[in-house]
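Content type compact mmCIF, C-alpha atoms, from the file work-v3.txt:
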# COMPACT_ATOMS: atom_id res chain seq x y z
CA MET A 42 36.51 -0.65 21.92
CA LYS A 43 34.14 -3.30 20.57
CA VAL A 44 30.83 -2.77 18.81
CA PHE A 45 28.24 -5.30 17.66
CA ILE A 46 26.17 -4.48 14.55
CA SER A 47 22.88 -6.39 14.31
CA GLY A 48 22.56 -6.16 10.53
CA ASN A 49 24.00 -4.62 7.39
CA ILE A 50 24.99 -0.98 7.16
CA THR A 51 26.63 0.82 4.26
CA PRO A 52 30.39 0.20 3.75
CA VAL A 53 30.99 3.90 4.42
CA GLY A 54 29.92 3.34 8.02
CA ILE A 55 32.05 0.23 8.44
CA LYS A 56 35.08 2.08 7.10
CA GLU A 57 34.59 5.03 9.44
CA LEU A 58 34.19 2.74 12.45
CA GLU A 59 37.44 0.96 11.58
CA GLU A 60 39.20 4.31 11.07
CA ASN A 61 38.22 5.13 14.65
CA ASN A 62 39.94 1.93 15.83
CA ILE A 63 36.67 0.24 16.74
CA SER A 64 36.57 -3.55 16.58
CA ILE A 65 33.43 -4.73 14.79
CA THR A 66 31.38 -7.91 15.08
CA GLN A 67 28.46 -8.05 12.64
CA TRP A 68 25.37 -10.24 12.28
CA LYS A 69 25.64 -11.78 8.82
CA GLU A 70 22.79 -14.26 8.66
CA ASN A 71 19.95 -13.65 6.22
CA ARG A 72 17.32 -13.41 8.97
CA GLN A 73 16.45 -11.13 11.84
CA ILE A 74 18.48 -11.79 14.96
CA THR A 75 16.39 -13.08 17.87
CA ALA A 76 16.16 -11.33 21.24
CA GLU A 77 18.18 -14.11 22.91
CA GLU A 78 20.85 -14.04 20.21
CA LEU A 79 21.13 -10.26 20.45
CA ILE A 80 21.68 -10.41 24.21
CA GLU A 81 24.33 -13.10 23.78
CA ALA A 82 26.04 -11.18 20.96
CA CYS A 83 26.28 -8.02 23.04
CA GLN A 84 28.14 -9.69 25.88
CA GLY A 85 31.74 -8.46 25.87
CA GLN A 86 30.79 -5.53 23.61
CA ASP A 87 31.04 -1.84 24.46
CA GLY A 88 28.41 -0.59 22.02
CA LEU A 89 25.55 -1.73 19.81
CA ILE A 90 24.43 -0.53 16.40
CA SER A 91 20.85 -1.73 16.20
CA VAL A 92 19.70 -2.41 12.65
CA GLY A 93 16.10 -3.49 12.08
CA PRO A 94 13.16 -3.98 14.45
CA ASN A 95 15.11 -5.25 17.45
CA LYS A 96 13.11 -4.89 20.68
CA LEU A 97 15.43 -3.06 23.04
CA ASN A 98 13.11 -3.50 26.00
CA ALA A 99 13.79 -3.58 29.74
CA ALA A 100 14.80 -7.25 29.62
CA PHE A 101 17.40 -6.61 26.93
CA LEU A 102 18.72 -3.42 28.51
CA ASN A 103 19.16 -4.99 31.93
CA ALA A 104 20.88 -8.01 30.40
CA CYS A 105 23.21 -5.63 28.53
CA SER A 106 23.54 -2.86 31.09
CA HIS A 107 27.30 -2.83 30.46
CA LEU A 108 26.82 -1.16 27.05
CA LYS A 109 28.23 2.35 26.86
CA VAL A 110 26.06 3.39 23.91
CA ILE A 111 23.36 2.15 21.55
CA ALA A 112 23.09 3.73 18.09
CA LEU A 113 19.89 3.11 16.14
CA HIS A 114 19.92 2.73 12.37
CA SER A 115 16.68 4.72 12.22
CA VAL A 116 15.04 7.95 13.24
CA GLY A 117 12.21 6.08 15.01
CA TYR A 118 12.85 4.70 18.48
CA ASP A 119 9.50 3.12 19.36
CA GLN A 120 11.27 -0.23 19.81
CA VAL A 121 13.39 1.14 22.69
CA ASP A 122 12.44 1.44 26.36
CA VAL A 123 14.00 4.89 26.59
CA ALA A 124 13.05 5.38 30.25
CA GLU A 125 14.79 2.14 31.24
CA ALA A 126 17.86 3.08 29.18
CA LYS A 127 18.08 6.41 31.01
CA LYS A 128 17.76 4.62 34.36
CA LEU A 129 20.71 2.41 33.36
CA ASN A 130 22.67 5.36 31.92
CA ILE A 131 22.81 3.89 28.42
CA PRO A 132 22.60 6.75 25.89
CA ILE A 133 20.48 6.03 22.80
CA GLY A 134 21.27 7.73 19.49
CA ASN A 135 19.12 7.94 16.35
CA THR A 136 19.44 9.44 12.86
CA PRO A 137 17.05 12.40 12.54
CA GLY A 138 16.81 14.81 9.62
CA VAL A 139 18.86 13.06 6.96
CA LEU A 140 16.13 10.66 5.83
CA SER A 141 13.29 13.19 5.60
CA ALA A 142 13.52 13.84 1.85
CA ALA A 143 13.95 10.18 0.87
CA THR A 144 11.02 9.03 3.01
CA ALA A 145 8.83 11.84 1.67
CA ASP A 146 9.75 10.73 -1.85
CA THR A 147 8.45 7.26 -0.98
CA ALA A 148 5.15 8.69 0.29
CA PHE A 149 4.84 10.77 -2.88
CA LEU A 150 5.60 7.70 -5.01
CA LEU A 151 2.93 5.68 -3.21
CA MET A 152 0.35 8.45 -3.64
CA LEU A 153 0.86 8.47 -7.40
CA ALA A 154 1.09 4.68 -7.69
CA VAL A 155 -2.20 4.25 -5.83
CA SER A 156 -4.00 7.06 -7.66
CA ARG A 157 -3.21 5.46 -11.05
CA LYS A 158 -3.39 1.81 -9.90
CA ALA A 159 0.17 1.45 -11.18
CA PHE A 160 1.21 -1.69 -9.30
CA PHE A 161 -1.98 -3.52 -10.32
CA SER A 162 -1.60 -2.49 -13.97
CA HIS A 163 2.04 -3.62 -13.99
CA LYS A 164 0.98 -7.05 -12.71
CA LYS A 165 -1.44 -7.35 -15.65
CA ILE A 166 1.49 -7.07 -18.07
CA ILE A 167 3.43 -9.76 -16.18
CA GLN A 168 0.39 -12.03 -16.16
CA GLY A 169 -0.11 -11.62 -19.91
CA GLU A 170 -3.39 -9.74 -19.52
CA TRP A 171 -2.42 -6.68 -21.57
CA LYS A 172 -4.34 -7.44 -24.75
CA ASN A 173 -6.11 -4.63 -26.59
CA TYR A 174 -6.49 -0.94 -25.93
CA GLU A 175 -9.40 -0.21 -23.61
CA PRO A 176 -10.61 3.38 -23.13
CA SER A 177 -12.15 2.55 -19.75
CA PRO A 178 -10.09 -0.07 -17.93
CA GLU A 179 -9.59 0.17 -14.15
CA LEU A 180 -9.49 3.96 -14.04
CA GLY A 181 -7.40 5.93 -11.59
CA ILE A 182 -8.03 9.34 -10.08
CA GLU A 183 -6.12 12.62 -10.29
CA VAL A 184 -4.55 14.40 -7.32
CA ASN A 185 -4.02 17.81 -8.92
CA GLY A 186 -5.70 20.53 -6.87
CA LYS A 187 -6.89 18.07 -4.23
CA THR A 188 -6.42 18.33 -0.46
CA LEU A 189 -3.47 16.65 1.23
CA GLY A 190 -3.98 15.87 4.90
CA VAL A 191 -0.88 15.17 6.98
CA PHE A 192 -1.08 13.36 10.28
CA GLY A 193 2.17 14.34 11.98
CA LEU A 194 3.58 17.37 10.18
CA GLY A 195 7.19 17.15 11.27
CA LYS A 196 10.27 17.15 9.02
CA ILE A 197 9.16 14.23 6.83
CA GLY A 198 5.56 15.38 6.68
CA LEU A 199 6.65 18.87 5.68
CA GLU A 200 8.82 17.48 2.86
CA MET A 201 5.82 15.51 1.57
CA ALA A 202 3.60 18.58 1.83
CA LYS A 203 6.10 20.74 -0.08
CA LYS A 204 6.25 18.23 -2.93
CA CYS A 205 2.47 17.95 -3.18
CA ALA A 206 1.92 21.71 -3.03
CA ALA A 207 4.60 22.43 -5.64
CA ALA A 208 3.87 19.60 -8.07
CA TYR A 209 0.09 19.39 -7.87
CA GLN A 210 -1.02 22.64 -6.21
CA MET A 211 -2.54 20.61 -3.41
CA GLU A 212 -4.02 22.40 -0.42
CA VAL A 213 -2.34 21.19 2.78
CA ILE A 214 -4.12 20.59 6.07
CA TYR A 215 -2.59 18.86 9.07
CA HIS A 216 -3.12 17.62 12.58
CA ASN A 217 -0.36 17.60 15.20
CA ARG A 218 -0.10 17.72 18.95
CA SER A 219 1.11 21.31 18.41
CA ARG A 220 1.05 23.82 15.58
CA ASN A 221 3.78 23.82 12.92
CA GLU A 222 4.22 27.54 12.29
CA GLU A 223 7.04 26.95 9.81
CA ALA A 224 4.72 24.92 7.57
CA GLU A 225 1.94 27.46 7.94
CA ARG A 226 4.27 30.26 6.82
CA GLU A 227 6.07 28.32 4.09
CA ILE A 228 3.24 26.52 2.29
CA GLY A 229 0.09 27.87 3.90
CA ALA A 230 -0.63 24.63 5.75
CA LYS A 231 -3.82 24.82 7.82
CA TYR A 232 -4.12 23.27 11.27
CA VAL A 233 -7.33 21.26 11.75
CA SER A 234 -8.78 18.86 14.29
CA PHE A 235 -8.33 15.13 13.74
CA GLU A 236 -12.00 14.83 12.77
CA GLU A 237 -11.64 17.64 10.22
CA LEU A 238 -8.50 15.98 8.85
CA LEU A 239 -10.46 12.79 8.19
CA ALA A 240 -13.43 14.55 6.66
CA GLN A 241 -11.52 16.93 4.36
CA SER A 242 -8.48 14.96 3.12
CA ASP A 243 -8.40 13.56 -0.41
CA VAL A 244 -5.01 12.07 0.41
CA LEU A 245 -4.19 11.39 4.07
CA SER A 246 -0.49 10.78 4.67
CA VAL A 247 0.80 9.50 8.02
CA HIS A 248 4.16 10.79 9.27
CA THR A 249 3.93 10.51 13.04
CA ALA A 250 5.95 8.44 15.49
CA LEU A 251 4.50 5.23 16.88
CA THR A 252 3.54 5.98 20.48
CA PRO A 253 0.87 4.64 22.87
CA GLU A 254 -1.34 7.49 21.61
CA THR A 255 -0.86 6.71 17.89
CA LYS A 256 -0.85 2.89 18.07
CA ASP A 257 -3.89 1.57 16.17
CA LYS A 258 -4.97 5.16 15.56
CA PHE A 259 -6.47 4.30 12.18
CA THR A 260 -9.19 1.76 12.86
CA LEU A 261 -12.44 0.95 11.07
CA ASN A 262 -14.26 3.73 12.90
CA VAL A 263 -11.64 6.21 11.70
CA PHE A 264 -11.69 4.98 8.09
CA LYS A 265 -15.48 5.37 8.12
CA GLN A 266 -14.98 9.11 8.73
CA MET A 267 -12.79 9.55 5.63
CA LYS A 268 -14.00 10.42 2.15
CA PRO A 269 -15.03 7.39 0.04
CA ASN A 270 -12.70 8.67 -2.73
CA SER A 271 -9.72 9.27 -0.39
CA ILE A 272 -6.29 7.64 -0.38
CA PHE A 273 -4.58 6.52 2.84
CA ILE A 274 -0.75 6.59 2.86
CA ASN A 275 1.46 5.28 5.68
CA THR A 276 5.26 5.50 5.54
CA ALA A 277 5.72 5.89 9.30
CA ARG A 278 5.04 2.69 11.27
CA GLY A 279 2.71 -0.21 10.52
CA GLY A 280 1.36 -0.23 14.06
CA ILE A 281 -0.36 3.11 13.47
CA HIS A 282 -3.04 1.48 11.32
CA ASN A 283 -5.07 -1.65 12.02
CA GLU A 284 -4.46 -3.79 8.97
CA LYS A 285 -7.59 -5.93 9.24
CA ASP A 286 -9.67 -2.76 9.51
CA LEU A 287 -7.85 -1.25 6.53
CA ILE A 288 -8.67 -4.31 4.42
CA LYS A 289 -12.33 -4.09 5.44
CA ALA A 290 -12.43 -0.35 4.73
CA LEU A 291 -11.09 -0.95 1.21
CA ASP A 292 -13.37 -3.94 0.58
CA GLU A 293 -16.42 -1.96 1.63
CA LYS A 294 -15.28 1.17 -0.26
CA MET A 295 -15.10 3.35 2.82
CA ILE A 296 -11.90 4.73 1.25
CA TRP A 297 -10.68 4.57 -2.35
CA GLY A 298 -7.12 3.29 -1.98
CA ALA A 299 -4.06 2.83 0.19
CA GLY A 300 -0.29 3.04 -0.16
CA LEU A 301 1.93 1.41 2.47
CA ASP A 302 5.67 1.35 3.00
CA VAL A 303 5.11 -0.07 6.48
CA THR A 304 2.88 -2.98 7.46
CA ASN A 305 1.73 -4.75 10.58
CA PRO A 306 3.37 -7.20 10.95
CA GLU A 307 6.58 -6.83 8.96
CA PRO A 308 7.41 -8.56 6.75
CA MET A 309 3.95 -8.84 5.19
CA ASP A 310 2.66 -12.30 4.33
CA LYS A 311 2.73 -12.90 0.56
CA ASN A 312 -0.94 -13.96 0.69
CA ASN A 313 -2.12 -10.75 2.36
CA PRO A 314 -5.27 -9.62 0.48
CA LEU A 315 -3.92 -6.08 0.23
CA LEU A 316 -1.39 -7.30 -2.34
CA ALA A 317 -4.15 -8.39 -4.72
CA MET A 318 -6.18 -5.18 -4.57
CA GLU A 319 -6.09 -2.97 -7.65
CA ASN A 320 -6.18 0.27 -5.64
CA VAL A 321 -3.36 -0.61 -3.23
CA ALA A 322 0.43 -0.22 -3.48
CA VAL A 323 2.73 -1.85 -0.92
CA LEU A 324 6.50 -1.48 -0.59
CA PRO A 325 8.82 -3.41 1.77
CA HIS A 326 9.79 -0.52 4.08
CA ILE A 327 12.19 1.22 1.69
CA GLY A 328 11.49 4.79 2.88
CA SER A 329 15.12 5.82 3.41
CA ALA A 330 16.68 3.27 1.05
CA THR A 331 18.85 5.47 -1.15
CA GLU A 332 22.64 5.38 -1.34
CA GLU A 333 22.90 9.01 -0.28
CA THR A 334 20.56 8.73 2.70
CA ARG A 335 22.00 5.48 4.02
CA ALA A 336 25.52 6.95 3.80
CA ALA A 337 24.38 10.01 5.76
CA MET A 338 22.69 7.78 8.33
CA ALA A 339 25.89 5.74 8.73
CA GLN A 340 27.92 8.88 9.38
CA ILE A 341 25.51 9.93 12.14
CA ILE A 342 25.64 6.44 13.63
CA VAL A 343 29.44 6.60 13.76
CA GLN A 344 29.30 10.03 15.43
CA ASN A 345 26.91 8.68 18.07
CA ILE A 346 28.97 5.52 18.66
CA VAL A 347 32.31 7.35 18.93
CA ALA A 348 30.91 9.95 21.32
CA GLY A 349 29.26 7.29 23.48
CA LEU A 350 32.38 5.16 23.70
CA LYS A 351 34.33 8.23 24.82
CA GLY A 352 31.74 9.01 27.47
CA GLU A 353 30.75 12.21 25.69
CA LYS A 354 27.26 13.52 24.93
CA LEU A 355 25.79 11.99 21.79
CA PRO A 356 25.31 14.54 18.96
CA PHE A 357 21.98 12.92 18.07
CA GLU A 358 20.62 11.57 21.32
CA VAL A 359 17.07 10.41 21.97
CA LYS A 360 15.72 12.52 24.82
Exercise: express the given structure as structure tokens:
Amino acid sequence: MKVFISGNITPVGIKELEENNISITQWKENRQITAEELIEACQGQDGLISVGPNKLNAAFLNACSHLKVIALHSVGYDQVDVAEAKKLNIPIGNTPGVLSAATADTAFLLMLAVSRKAFFSHKKIIQGEWKNYEPSPELGIEVNGKTLGVFGLGKIGLEMAKKCAAAYQMEVIYHNRSRNEEAEREIGAKYVSFEELLAQSDVLSVHTALTPETKDKFTLNVFKQMKPNSIFINTARGGIHNEKDLIKALDEKMIWGAGLDVTNPEPMDKNNPLLAMENVAVLPHIGSATEETRAAMAQIIVQNIVAGLKGEKLPFEVK
């Protein structure tokens, strides 16, 4: 069986694929593969491991309807036309669960970095601007005892909430399509309306999937409803917030700061004004980028690929 990999995955995954007698072709160029190149590369292949933001839309799926399985190197599947894949009987696998802790760590890191203006202060050292001691430079704010609001309290959101409650005794409120009774029992999380989430959160952390309902959810009108001393964190998908509106909200002090591991578009332009703001921290989508998590993701990918090539049900299939 032959499998095309559209980017780099950990050597553990490559080794396991080879041990399962799977012939591998891998995209090696230091750029994202184009839609046309991906279609061409998948011809003559039995499976695809999709790494990165490849658009697996109806056009791609129909051009590659011969594929027995597609395994995503992610938990999110907003880039896939799942309905079309089902129509063509192409099972889609993802990597849920194993990246929850690592992604929550990134959200927690961003919260602290923003609250203390850490990235901005670090740049001052690099630029030779650290001169004398100043008792009142660009001051940060504390998060201890504040209210964490979670938009999308699933596995990743719950991990973030646990960290904040344990480390900083933060009260946790959340808004979901449905109640998370586990979180309510475990950490006393309180379900609130979306409007209440905006009005009450000192830190608002986004952990929802990108769907038609959540796309551009955080616009200028939404930022206006948040506290002027609040911090907005997004480690989910860049399309959930409107970046121009976020810049305006920060410029006009509608909110205090923002921490992003995802941007819209990705990669972010080096001249984006967010990168020069003292109360903003931006990372290049590193949420699950630890050796342990990427190894665990690779193992799930191999399980999905092997099962799909055998015509068996995928252990981690997108429904």
Q.
Just the number, please: distance in Å from atom CA of A:Glu319 to atom CA of A:Leu153, one decimal.
A.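 Atom CA of A:Leu153 lies at a distance of 13.4 Å from atom CA of A:Glu319.
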Q | From A:Glu170, A:Asp302, A:Glu78, A:Asp243, residue lying nearest A:Lys187 [all atoms listed in the file] | A |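 Comparing A:Glu170, A:Asp302, A:Glu78, A:Asp243 against A:Lys187, the winner is A:Asp243.
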**Q.** Within 12 Å of file point (24.8, -9.3, 34.6), counting only C-alpha atoms, expressed as a list in words
**A.**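 Selection result: Ile80, Glu81, Cys83, Gln84, Gly85, Ala100, Phe101, Leu102, Asn103, Ala104, Cys105, Ser106, His107 and Leu108 of chain A.
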**Q.** Contacts of A:Leu355 within 7 Å, all atoms listed in the file, excl. fewer than 6 positions in-chain, as a PyMOL selection string
**A.** chain A and resi 134+345+348-349
Q | Counting only C-alpha atoms, the option among A:Leu97, A:Leu79, A:Leu151, A:Leu140 closest to A:Asp122 | A | A:Leu97
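Computed from the coordinates, the atom CA of A:Ala142 to atom CA of A:Asn71 distance equals 28.6 Å.
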Q: Please identify all polymer residues within 8 Å of stretch 189-202 of chain A, counting only C-alpha atoms, omitting same-chain residues fewer than 3 positions from it, and present them as a ChimeraX atom specification.
A: /A:138,140-142,144-146,148-149,205-206,211-217,221,224,228,238-239,241-250
Q | Selected residue of minimal separation from A:Ala159 among A:Ile296, A:Leu315, A:Ile346, A:Leu180, counting all atoms listed in the file | A | A:Leu180
Kindly compute an axis-aligned box around the listed atoms of stretch 44-60 of chain A, allowing 5 Å on each side, and express its centre and edge lengths in Å to one decimal as lines of an AutoDock Vina configuration file.
center_x = 30.9
center_y = -0.7
center_z = 11.3
size_x = 26.6
size_y = 21.4
size_z = 25.1
Q | For atom CA of A:Thr276 and atom CA of A:Val121, the interatomic separation in Å (one decimal) | A | 19.5 Å
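Proximity to A:Leu150 was assessed for A:Lys109, A:Lys231, A:Lys204, A:Lys289 counting only C-alpha atoms; the smallest distance is recorded for A:Lys204.
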